[in-house]
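**Q** Sharing final_28.csv below, CSV, C-alpha atoms:
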chain,number,residue,atom,x,y,z
A,199,MET,CA,25.2,-4.1,-4.7
A,200,VAL,CA,23.7,-4.3,-1.2
A,201,ASN,CA,23.2,-7.6,0.6
A,202,PRO,CA,19.9,-7.5,2.6
A,203,ARG,CA,21.4,-9.7,5.3
A,204,ASP,CA,24.1,-7.1,6.1
A,205,ARG,CA,21.5,-5.1,8.0
A,206,LEU,CA,20.7,-8.2,10.2
A,207,ARG,CA,24.4,-9.0,10.7
A,208,SER,CA,25.1,-5.5,11.9
A,209,ALA,CA,22.1,-5.7,14.3
A,210,GLY,CA,23.4,-9.1,15.6
A,211,ARG,CA,26.6,-7.6,16.8
A,212,ARG,CA,24.7,-5.3,19.1
A,213,ASN,CA,22.1,-7.8,20.6
A,214,PRO,CA,22.5,-11.7,21.3
A,215,VAL,CA,18.8,-12.3,20.6
A,216,GLU,CA,19.0,-10.5,17.3
A,217,ALA,CA,22.1,-12.5,16.5
A,218,ILE,CA,20.1,-15.7,17.0
A,219,ALA,CA,17.2,-14.3,15.0
A,220,GLN,CA,19.8,-13.5,12.2
A,221,GLN,CA,21.2,-17.0,12.2
A,222,VAL,CA,17.6,-18.4,12.0
A,223,THR,CA,16.7,-16.1,9.2
A,224,GLU,CA,19.9,-16.9,7.2
A,225,ARG,CA,19.1,-20.6,7.6
A,226,VAL,CA,15.5,-20.2,6.5
A,227,VAL,CA,16.6,-18.2,3.5
A,228,ASP,CA,19.2,-20.8,2.5
A,229,LEU,CA,16.6,-23.5,2.8
A,230,LEU,CA,14.1,-21.4,0.8
A,231,VAL,CA,16.6,-20.7,-2.0
A,232,GLY,CA,17.7,-24.3,-2.1
A,233,ALA,CA,14.1,-25.4,-2.5
A,234,LEU,CA,13.4,-22.9,-5.3
A,235,ASP,CA,13.4,-24.2,-8.9
A,236,VAL,CA,14.8,-21.1,-10.7
A,237,ASN,CA,14.1,-22.5,-14.2
A,238,GLU,CA,10.5,-23.1,-13.4
A,239,LEU,CA,10.2,-19.7,-11.9
A,240,ALA,CA,11.7,-18.2,-15.2
A,241,ALA,CA,9.3,-20.2,-17.3
A,242,ARG,CA,6.4,-18.7,-15.4
A,243,ILE,CA,7.6,-15.2,-16.3
A,244,ASP,CA,5.8,-13.7,-19.4
A,245,LEU,CA,8.9,-12.3,-21.2
A,246,ASN,CA,6.8,-10.7,-23.9
A,247,ALA,CA,4.8,-8.7,-21.4
A,248,LEU,CA,8.0,-7.8,-19.6
A,249,LEU,CA,9.6,-6.6,-22.9
A,250,ASP,CA,6.5,-4.7,-23.8
A,251,SER,CA,6.9,-2.6,-20.7
A,252,VAL,CA,10.4,-1.7,-21.7
A,253,ASP,CA,11.0,1.4,-23.8
A,254,PRO,CA,14.0,0.6,-26.0
A,255,ASN,CA,14.4,4.3,-26.9
A,256,VAL,CA,15.0,5.1,-23.2
A,257,ILE,CA,17.7,2.4,-23.1
A,258,LEU,CA,19.3,3.6,-26.4
A,259,ASP,CA,19.3,7.2,-25.2
A,260,ARG,CA,21.5,6.1,-22.4
A,261,VAL,CA,23.9,4.1,-24.6
A,262,ASN,CA,26.9,6.0,-26.0
A,263,VAL,CA,26.8,4.5,-29.5
A,264,ASP,CA,30.0,6.3,-30.5
A,265,ALA,CA,31.9,4.9,-27.7
A,266,LEU,CA,30.5,1.5,-28.5
A,267,LEU,CA,31.5,1.7,-32.1
A,268,ASP,CA,35.0,3.0,-31.1
A,269,ARG,CA,35.5,-0.3,-29.3
A,270,VAL,CA,34.5,-2.4,-32.3
A,271,ASN,CA,37.3,-3.5,-34.6
A,272,VAL,CA,35.6,-3.3,-38.0
A,273,ASP,CA,38.6,-4.8,-39.8
A,274,ALA,CA,38.5,-7.8,-37.6
A,275,LEU,CA,34.8,-8.1,-38.1
A,276,LEU,CA,35.1,-7.9,-41.8
A,277,ASP,CA,37.9,-10.5,-41.8
A,278,ARG,CA,35.4,-12.9,-40.3
A,279,VAL,CA,32.8,-12.2,-43.1
A,280,ASP,CA,32.8,-14.6,-46.0
A,281,VAL,CA,32.0,-12.1,-48.8
A,282,ASP,CA,31.8,-14.8,-51.4
A,283,ALA,CA,29.2,-16.8,-49.4
A,284,LEU,CA,27.4,-13.5,-48.7
A,285,LEU,CA,27.3,-12.7,-52.5
A,286,ASP,CA,26.1,-16.2,-53.3
A,287,ARG,CA,23.1,-15.6,-51.2
A,288,VAL,CA,22.3,-12.3,-53.1
A,289,ASP,CA,19.9,-12.6,-56.0
A,290,VAL,CA,21.6,-10.1,-58.3
A,291,LYS,CA,18.9,-10.5,-61.0
A,292,ALA,CA,16.1,-9.6,-58.6
A,293,LEU,CA,18.2,-6.7,-57.3
A,294,LEU,CA,18.8,-5.4,-60.9
A,295,GLU,CA,15.1,-5.7,-61.7
A,296,ARG,CA,14.5,-3.2,-58.9
A,297,VAL,CA,17.0,-0.7,-60.4
A,298,ASP,CA,15.6,1.8,-62.8
A,299,VAL,CA,18.5,1.8,-65.3
A,300,ASN,CA,16.7,4.3,-67.6
A,301,ASP,CA,16.5,6.7,-64.7
A,302,ILE,CA,20.2,6.3,-64.0
A,303,VAL,CA,21.1,6.8,-67.6
A,304,SER,CA,18.8,9.8,-67.9
A,305,GLN,CA,20.8,11.4,-65.2
A,306,VAL,CA,24.1,11.1,-67.1
A,307,ASP,CA,25.1,14.3,-68.8
A,308,MET,CA,26.1,12.9,-72.1
A,309,ASP,CA,27.1,16.3,-73.5
A,310,ALA,CA,29.5,16.9,-70.7
A,311,LEU,CA,30.8,13.4,-70.9
A,312,VAL,CA,31.6,13.7,-74.6
A,313,GLU,CA,33.0,17.2,-74.3
A,314,ARG,CA,35.2,16.6,-71.3
A,315,THR,CA,36.6,13.1,-72.0
A,316,ASP,CA,38.4,11.2,-74.7
A,317,LEU,CA,35.0,9.7,-75.6
A,318,GLY,CA,34.4,12.6,-78.0
A,319,ALA,CA,37.5,11.7,-80.0
A,320,VAL,CA,36.5,8.1,-80.1
A,321,ILE,CA,33.1,8.9,-81.4
A,322,ALA,CA,34.6,11.4,-83.9
A,323,ARG,CA,37.0,8.8,-85.2
A,324,SER,CA,34.5,6.0,-85.4
A,325,SER,CA,31.4,7.8,-86.7
A,326,GLY,CA,32.9,10.8,-88.4
A,327,GLY,CA,33.8,11.1,-92.0
A,328,MET,CA,33.4,14.0,-94.4
A,329,GLY,CA,30.1,12.7,-95.7
A,330,THR,CA,28.5,12.5,-92.3
A,331,GLU,CA,29.8,15.8,-91.3
A,332,ALA,CA,28.6,17.5,-94.5
A,333,LEU,CA,25.1,15.8,-94.1
A,334,ASP,CA,24.9,17.0,-90.5
A,335,ALA,CA,25.8,20.5,-91.5
A,336,LEU,CA,23.3,20.5,-94.4
A,337,ARG,CA,20.5,19.3,-92.3
A,338,SER,CA,21.3,21.7,-89.4
A,339,GLN,CA,21.4,24.6,-91.8
A,340,ALA,CA,18.1,23.6,-93.4
A,341,VAL,CA,16.4,23.3,-90.0
A,342,GLY,CA,17.8,26.7,-89.0
A,343,LEU,CA,16.4,28.3,-92.1
A,344,ASP,CA,13.1,26.5,-91.6
A,345,ARG,CA,12.8,28.0,-88.1
A,346,TRP,CA,13.9,31.4,-89.3
A,347,VAL,CA,11.2,31.4,-92.1
A,348,ASP,CA,8.6,30.1,-89.7
A,349,ARG,CA,9.3,32.7,-87.1
A,350,TRP,CA,8.8,35.5,-89.7
A,351,VAL,CA,5.6,33.9,-91.1
A,352,GLN,CA,4.2,33.6,-87.6
A,353,ARG,CA,5.1,37.3,-87.0
A,354,LEU,CA,3.5,38.4,-90.2
A,355,LEU,CA,0.3,36.4,-89.5
A,356,ARG,CA,0.4,37.8,-85.9
A,357,ARG,CA,-0.2,34.4,-84.4
A,358,LYS,CA,0.0,34.4,-80.6
A,359,HIS,CA,-0.8,30.8,-79.9
A,360,HIS,CA,1.9,28.3,-80.6
A,361,ALA,CA,1.1,25.6,-83.1
A,362,PRO,CA,1.7,21.9,-82.2
A,363,SER,CA,5.3,21.2,-82.9
A,364,ALA,CA,4.9,17.5,-83.9
A,365,PRO,CA,2.2,14.9,-84.5
A,366,ALA,CA,0.7,13.5,-81.3
A,367,THR,CA,2.4,10.1,-81.4
A,368,LEU,CA,5.8,11.5,-82.1
A,369,LEU,CA,5.8,14.1,-79.3
A,370,PRO,CA,6.8,12.0,-76.3
A,371,THR,CA,9.4,10.0,-78.1
A,372,GLU,CA,11.3,11.5,-81.1
A,373,ALA,CA,10.2,15.1,-80.6
A,374,GLY,CA,11.1,14.9,-77.0
A,375,LEU,CA,14.8,14.5,-77.7
B,16,MET,CA,19.4,32.2,-86.5
B,17,SER,CA,19.5,29.5,-83.8
B,18,ASN,CA,22.7,28.0,-82.6
B,19,ARG,CA,23.5,24.8,-84.4
B,20,ARG,CA,23.8,23.0,-81.1
B,21,ASP,CA,20.1,23.6,-80.5
B,22,LEU,CA,19.0,22.8,-84.1
B,23,VAL,CA,19.5,19.1,-83.7
B,24,SER,CA,16.7,18.8,-81.2
B,25,TYR,CA,13.9,19.0,-83.6
B,26,GLN,CA,13.6,15.3,-84.6
B,27,GLY,CA,9.9,14.4,-85.0
B,28,HIS,CA,8.8,18.0,-85.4
B,29,TYR,CA,6.9,19.2,-88.4
B,30,ALA,CA,9.5,19.9,-91.2
B,31,GLY,CA,9.6,23.5,-92.4
B,32,SER,CA,9.5,24.9,-95.9
B,33,VAL,CA,13.2,25.2,-96.7
B,34,SER,CA,13.9,21.5,-95.9
B,35,ARG,CA,10.9,20.4,-97.9
B,36,PHE,CA,11.6,22.5,-101.0
B,37,ALA,CA,15.3,21.6,-100.9
B,38,ALA,CA,14.3,17.9,-100.8
B,39,TYR,CA,11.9,18.4,-103.7
B,40,ALA,CA,14.6,20.2,-105.7
B,41,VAL,CA,17.0,17.3,-105.1
B,42,ASP,CA,14.3,14.8,-106.2
B,43,LEU,CA,13.5,16.8,-109.3
B,44,ALA,CA,17.2,16.9,-110.2
B,45,VAL,CA,17.6,13.2,-109.6
B,46,THR,CA,14.4,12.2,-111.5
B,47,SER,CA,15.2,14.5,-114.4
B,48,ALA,CA,18.8,13.2,-114.6
B,49,VAL,CA,17.7,9.6,-114.5
B,50,PHE,CA,14.9,10.3,-117.1
B,51,SER,CA,17.4,12.1,-119.5
B,52,LEU,CA,19.9,9.3,-119.1
B,53,THR,CA,17.3,6.7,-119.8
B,54,LEU,CA,16.2,8.6,-122.9
B,55,ALA,CA,19.8,8.8,-124.1
B,56,VAL,CA,20.3,5.1,-123.5
B,57,VAL,CA,17.0,4.3,-125.4
B,58,SER,CA,18.1,6.7,-128.3
B,59,TYR,CA,21.5,5.0,-128.5
B,60,ALA,CA,19.9,1.5,-128.5
B,61,ALA,CA,17.4,2.6,-131.2
B,62,LYS,CA,20.2,4.1,-133.3
B,63,ILE,CA,22.1,0.8,-133.2
B,64,VAL,CA,19.0,-1.3,-134.0
B,65,THR,CA,17.4,0.9,-136.7
B,66,GLY,CA,20.4,2.9,-137.9
B,67,HIS,CA,18.5,6.2,-137.6
B,68,ASP,CA,18.9,9.0,-135.1
B,69,VAL,CA,16.1,9.3,-132.6
B,70,ASN,CA,15.6,12.8,-131.2
B,71,TRP,CA,13.3,13.3,-128.3
B,72,ASN,CA,11.6,16.6,-128.3
B,73,ARG,CA,10.9,17.8,-124.8
B,74,SER,CA,7.5,19.3,-126.0
B,75,ASN,CA,6.6,15.9,-127.4
B,76,ILE,CA,3.4,14.7,-125.6
B,77,VAL,CA,4.8,11.1,-125.3
B,78,VAL,CA,7.9,12.4,-123.5
B,79,ILE,CA,5.7,14.5,-121.2
B,80,VAL,CA,3.5,11.6,-120.4
B,81,LEU,CA,6.5,9.3,-119.8
B,82,PHE,CA,8.1,11.9,-117.5
B,83,VAL,CA,4.9,12.4,-115.5
B,84,GLY,CA,4.5,8.7,-115.2
B,85,TRP,CA,8.1,8.3,-114.1
B,86,GLN,CA,7.6,11.0,-111.5
B,87,PHE,CA,4.5,9.3,-110.2
B,88,VAL,CA,6.3,5.9,-109.9
B,89,TYR,CA,9.3,7.5,-108.3
B,90,PHE,CA,7.4,9.5,-105.6
B,91,GLY,CA,4.6,6.9,-105.2
B,92,TYR,CA,7.0,4.0,-104.7
B,93,SER,CA,9.3,5.9,-102.4
B,94,TRP,CA,6.5,7.2,-100.1
B,95,ALA,CA,4.6,3.9,-100.1
B,96,VAL,CA,7.6,1.7,-99.3
B,97,ALA,CA,10.0,3.9,-97.3
B,98,GLY,CA,8.0,7.1,-96.5
B,99,ARG,CA,10.7,9.1,-98.0
B,100,THR,CA,12.4,9.9,-101.3
B,101,PHE,CA,16.1,10.2,-102.0
B,102,GLY,CA,15.9,14.0,-101.5
B,103,MET,CA,13.9,13.6,-98.3
B,104,ALA,CA,16.4,11.1,-96.9
B,105,LEU,CA,19.3,13.5,-97.8
B,106,LEU,CA,17.5,16.4,-95.9
B,107,GLY,CA,16.5,14.1,-93.1
B,108,ILE,CA,12.7,14.4,-93.4
B,109,ARG,CA,10.0,11.8,-94.0
B,110,VAL,CA,6.3,11.5,-94.6
B,111,VAL,CA,4.1,10.2,-91.8
B,112,GLY,CA,0.4,9.9,-91.1
B,113,ALA,CA,-1.2,13.1,-89.7
B,114,ASP,CA,-1.0,11.5,-86.3
B,115,GLY,CA,2.6,10.5,-86.7
B,116,SER,CA,2.0,6.9,-87.7
B,117,VAL,CA,3.7,5.1,-90.6
B,118,VAL,CA,2.4,6.4,-93.9
B,119,GLY,CA,1.9,2.9,-95.5
B,120,PRO,CA,1.5,2.0,-99.1
B,121,ARG,CA,-2.1,3.2,-99.5
B,122,ARG,CA,-1.6,6.7,-98.2
B,123,GLY,CA,1.8,6.9,-100.0
B,124,VAL,CA,0.1,6.2,-103.4
B,125,ILE,CA,-2.8,8.6,-102.7
B,126,ARG,CA,-0.3,11.3,-101.8
B,127,ALA,CA,1.5,10.7,-105.1
B,128,LEU,CA,-1.8,10.9,-107.0
B,129,VAL,CA,-2.9,14.2,-105.4
B,130,PHE,CA,0.6,15.7,-105.4
B,131,PRO,CA,0.0,17.5,-108.7
B,132,LEU,CA,-3.0,19.3,-107.3
B,133,SER,CA,-0.7,21.5,-105.1
B,134,PHE,CA,0.9,22.8,-108.3
B,135,LEU,CA,-2.4,24.2,-109.6
B,136,PHE,CA,-3.0,28.0,-109.4
B,137,PHE,CA,0.7,28.8,-109.3
B,138,GLY,CA,1.5,26.3,-106.6
B,139,LEU,CA,-1.2,27.7,-104.2
B,140,GLY,CA,-1.4,24.3,-102.6
B,141,PHE,CA,2.1,24.5,-101.3
B,142,LEU,CA,1.3,27.7,-99.4
B,143,GLY,CA,0.1,25.5,-96.6
B,144,ILE,CA,3.7,24.5,-95.8
B,145,LEU,CA,4.3,28.1,-95.0
B,146,VAL,CA,1.1,29.2,-93.3
B,147,GLN,CA,-0.7,26.1,-92.1
B,148,ARG,CA,-0.1,25.4,-88.4
B,149,GLU,CA,1.2,21.9,-89.1
B,150,HIS,CA,3.1,22.9,-92.2
B,151,ARG,CA,0.8,20.6,-94.4
B,152,ALA,CA,0.4,21.3,-98.1
B,153,LEU,CA,-2.8,20.6,-100.0
B,154,HIS,CA,-1.8,17.1,-100.9
B,155,ASP,CA,-0.9,16.4,-97.3
B,156,LEU,CA,-4.4,17.5,-96.1
B,157,ILE,CA,-6.1,15.3,-98.8
B,158,ALA,CA,-3.9,12.3,-98.2
B,159,GLY,CA,-3.9,12.6,-94.4
B,160,THR,CA,-0.2,13.0,-94.2
B,161,ALA,CA,2.5,15.3,-92.7
B,162,VAL,CA,6.2,15.7,-93.1
B,163,VAL,CA,8.5,15.6,-90.1
B,164,TYR,CA,12.3,15.7,-89.4
B,165,SER,CA,13.5,12.2,-89.0
B,166,TRP,CA,17.3,12.3,-88.9
B,167,ASP,CA,19.1,10.9,-85.9
B,168,ALA,CA,19.5,14.1,-84.0
B,169,ARG,CA,21.0,12.5,-80.9
B,170,ALA,CA,23.8,10.8,-82.9
B,171,ALA,CA,24.3,14.0,-84.9
B,172,ARG,CA,24.6,16.0,-81.6
B,173,LEU,CA,27.1,13.6,-80.2
B,174,ARG,CA,29.1,13.7,-83.5
B,175,PHE,CA,29.0,17.5,-83.3
B,176,LEU,CA,30.2,17.6,-79.7
B,177,ALA,CA,32.8,15.0,-80.4
B,178,ARG,CA,34.2,17.0,-83.3
B,179,GLU,CA,34.3,20.1,-81.0
B,180,ALA,CA,36.0,18.0,-78.3
B,181,GLU,CA,38.6,16.7,-80.8
B,182,LEU,CA,39.4,20.3,-81.9
B,183,ASN,CA,39.6,21.4,-78.2
B,184,PRO,CA,40.9,18.4,-76.3
B,185,PRO,CA,40.0,18.1,-72.6
B,186,PRO,CA,42.7,18.7,-70.0
B,187,PRO,CA,44.9,15.6,-69.4
B,188,SER,CA,43.7,15.3,-65.8
B,189,ARG,CA,40.2,14.8,-66.9
B,190,SER,CA,41.0,12.3,-69.6
B,191,LEU,CA,38.9,9.2,-69.4
B,192,THR,CA,41.6,6.9,-70.7
B,193,ALA,CA,44.0,8.3,-68.1
B,194,LYS,CA,41.4,7.6,-65.4
B,195,VAL,CA,40.8,4.1,-66.7
B,196,ALA,CA,44.6,3.5,-66.9
B,197,ALA,CA,45.0,4.6,-63.3
B,198,LEU,CA,42.5,2.0,-62.1
B,199,PRO,CA,44.1,-0.8,-60.1
Could you render the structure as structure tokens?
**A**
Amino acid sequence: MVNPRDRLRSAGRRNPVEAIAQQVTERVVDLLVGALDVNELAARIDLNALLDSVDPNVILDRVNVDALLDRVNVDALLDRVDVDALLDRVDVKALLERVDVNDIVSQVDMDALVERTDLGAVIARSSGGMGTEALDALRSQAVGLDRWVDRWVQRLLRRKHHAPSAPATLLPTEAGL
Amino acid sequence: MSNRRDLVSYQGHYAGSVSRFAAYAVDLAVTSAVFSLTLAVVSYAAKIVTGHDVNWNRSNIVVIVLFVGWQFVYFGYSWAVAGRTFGMALLGIRVVGADGSVVGPRRGVIRALVFPLSFLFFGLGFLGILVQREHRALHDLIAGTAVVYSWDARAARLRFLAREAELNPPPPSRSLTAKVAALP
């Protein structure tokens, strides 16, 4: 920091007239500063206009954020956070309403989940049974034979266009499984 | 033939000929058995009351009319109330409106009434199940109905995968219970 009076002081050492002028100037400046109401001066400054002229990006470009974060003690910061109070302020219901649960569930690979975890054994034990297994097998075989016969009929009739697979109202729901 | 794993994904699709004829065969067996049992019970009761043997001749017109009437009641009631007969429930198929809607009592009864028409000319009306694009027989076209697969394919698929998983258990490190047990 450079004091503007230093230049006058150095000049005063060389010339007595200048030394007097320097003392007069210092006195005038002191009187002037004493008479100034800094608060009133600050109130007259348009801070918004001043801030508008500042480009925050330029400032941020010059800030070393990594270094700044290195100096922050996150643990100490978190110790000061009252998590319970924070959670009390969160409207969980409103938050959940914004979550698309169906979308999340649709992303779950149920086949992989059943195959790779004990969940499969749990389902097998709870919903299994010889009757259910036999019924599943019977229906699967019947569907397989249906498709096989249908393929041959389509081939014999030389149909090139696929027929609708299901009634219109069942397509997006049941048939879409 | 398709892999069984893929077959369970046809729920809601038009049912094919094998499933439909198998369901009808089951229904025919059930209705015939119930009818024969009823006749036997009636014969036994008549013998006790009158003391004479009552023999039902299958070519007797009364027996034929009773059997046809019983068939109509069985199919008509089943389709009108539940949209499916016992055989259809076993094979996992059901009757719906042509657009997929619930068949309802009116269409169920109409379907039962026009069902015999498909038997005419050596069962020509059933040919539609094979060649018609929506697998609809003559009685389906007249009654405005269709037959679709209705069994819970998703549950069946999970059961199928579960049985496979039980036969070939997952490695211990990927066990869900082990992961849950390891939770703090």
**Q** Give me the residues near region 125-129 of chain B as number ranges by chain, where near means some atom within 7 Å (using only C-alpha atoms) and where sequence neighbours in that chain fewer than 4 positions away do not count.
**A** B: 87, 90-91, 121, 154-155, 158
**Q** Near Leu368 (chain A), counting all atoms listed in the file, which residues have an atom at most 12 Å away, once you skip same-chain residues fewer than 3 positions from it, shown as a list in words?
**A** Pro362, Ser363, Ala364, Pro365, Thr371, Glu372, Ala373, Gly374 and Leu375 of chain A; Tyr25, Gln26, Gly27, His28, Tyr29, Val111, Gly112, Ala113, Asp114, Gly115, Ser116, Val117, Ala161, Val162, Val163, Tyr164 and Ser165 of chain B
**Q** Enter the distance from CA of Gly138 (chain B) to CA of Ala152 (chain B), in Å, rounded to one decimal.
**A** 9.9 Å
**Q** Could you please determine the separation between CA of Tyr39 (chain B) and CA of Met103 (chain B) in Å, to one decimal place?
**A**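 The value is 7.5 Å.
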**Q** Could you tell me how far CA of Val252 (chain A) lies from CA of Val231 (chain A), in Å and to one decimal?
**A**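 Taking CA of Val252 (chain A) and CA of Val231 (chain A), their separation equals 28.1 Å.
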**Q** Just checking: using only C-alpha atoms, which residue out of A:Asp309, A:Leu285, A:Asp253, A:Arg356 ends up closest to chain B?
**A**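 Among A:Asp309, A:Leu285, A:Asp253, A:Arg356, it is A:Asp309 that comes nearest to chain B.
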**Q** Which of these, A:Leu354, A:Leu343, A:His359, A:Arg287, has the shortest distance to chain B once you count only C-alpha atoms?
**A**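 Selected residue with least distance to chain B: A:Leu343.
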**Q** Counting all atoms listed in the file, figure out which residue out of B:Val33, B:Leu105, B:Val146, B:Val78 gets nearest to Asp334 (chain A).
**A** B:Leu105
**Q** Determine, counting only C-alpha atoms, which protein, DNA and RNA residues have an atom within 9 Å of an atom of Trp85 (chain B); residues of the same chain fewer than 4 positions away are not included. Present the result as a PyMOL selection string.
**A** chain B and resi 46+50+80-81+89-90
**Q** Go ahead and dump the residues you just picked, C-alpha atoms, as a PDB file, keeping the file's coordinate frame.
**A**
ATOM      1  CA  THR B  46      14.400  12.200-111.500  1.00  0.00           C
ATOM      2  CA  PHE B  50      14.900  10.300-117.100  1.00  0.00           C
ATOM      3  CA  VAL B  80       3.500  11.600-120.400  1.00  0.00           C
ATOM      4  CA  LEU B  81       6.500   9.300-119.800  1.00  0.00           C
ATOM      5  CA  TYR B  89       9.300   7.500-108.300  1.00  0.00           C
ATOM      6  CA  PHE B  90       7.400   9.500-105.600  1.00  0.00           C
TER       7      PHE B  90
END
**Q** Using only C-alpha atoms, find the one residue out of A:Ala240, A:Met308, A:Met328, A:Ala233 that sits nearest to chain B.
**A**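 Closest to chain B of all the choices is A:Met308.
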**Q** Select, from A:Val222, A:Arg349, A:Asp259, A:Ser338, the residue with the minimum atom-to-atom distance to chain B, counting only C-alpha atoms.
**A**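 Once distances to chain B are computed over only C-alpha atoms, the minimum belongs to A:Ser338.
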**Q** Could you check the closest approach to Phe82 (chain B) for each of B:Val64, B:Leu142, B:Ala48, B:Val110 and tell me which residue wins, using all atoms listed in the file?
**A**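 Checking each candidate against Phe82 (chain B), we get B:Ala48 as the closest.
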**Q** So that I can see what lies close to region 41-43 of chain B, please list as a list in words the residues with an atom at most 7 Å from it, counting all atoms listed in the file and leaving out residues fewer than 3 positions away in the same chain.
**A**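 Within the cut-off, the hits are Ala37, Ala38, Thr46, Ser47, Phe101 and Gly102 of chain B.
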**Q** In file coordinates, which residues lie within 8 Å of (5.8, 5.9, -98.8) using only C-alpha atoms, given as a PyMOL selection string?
**A** chain B and resi 90-99+110+118-120+122-124
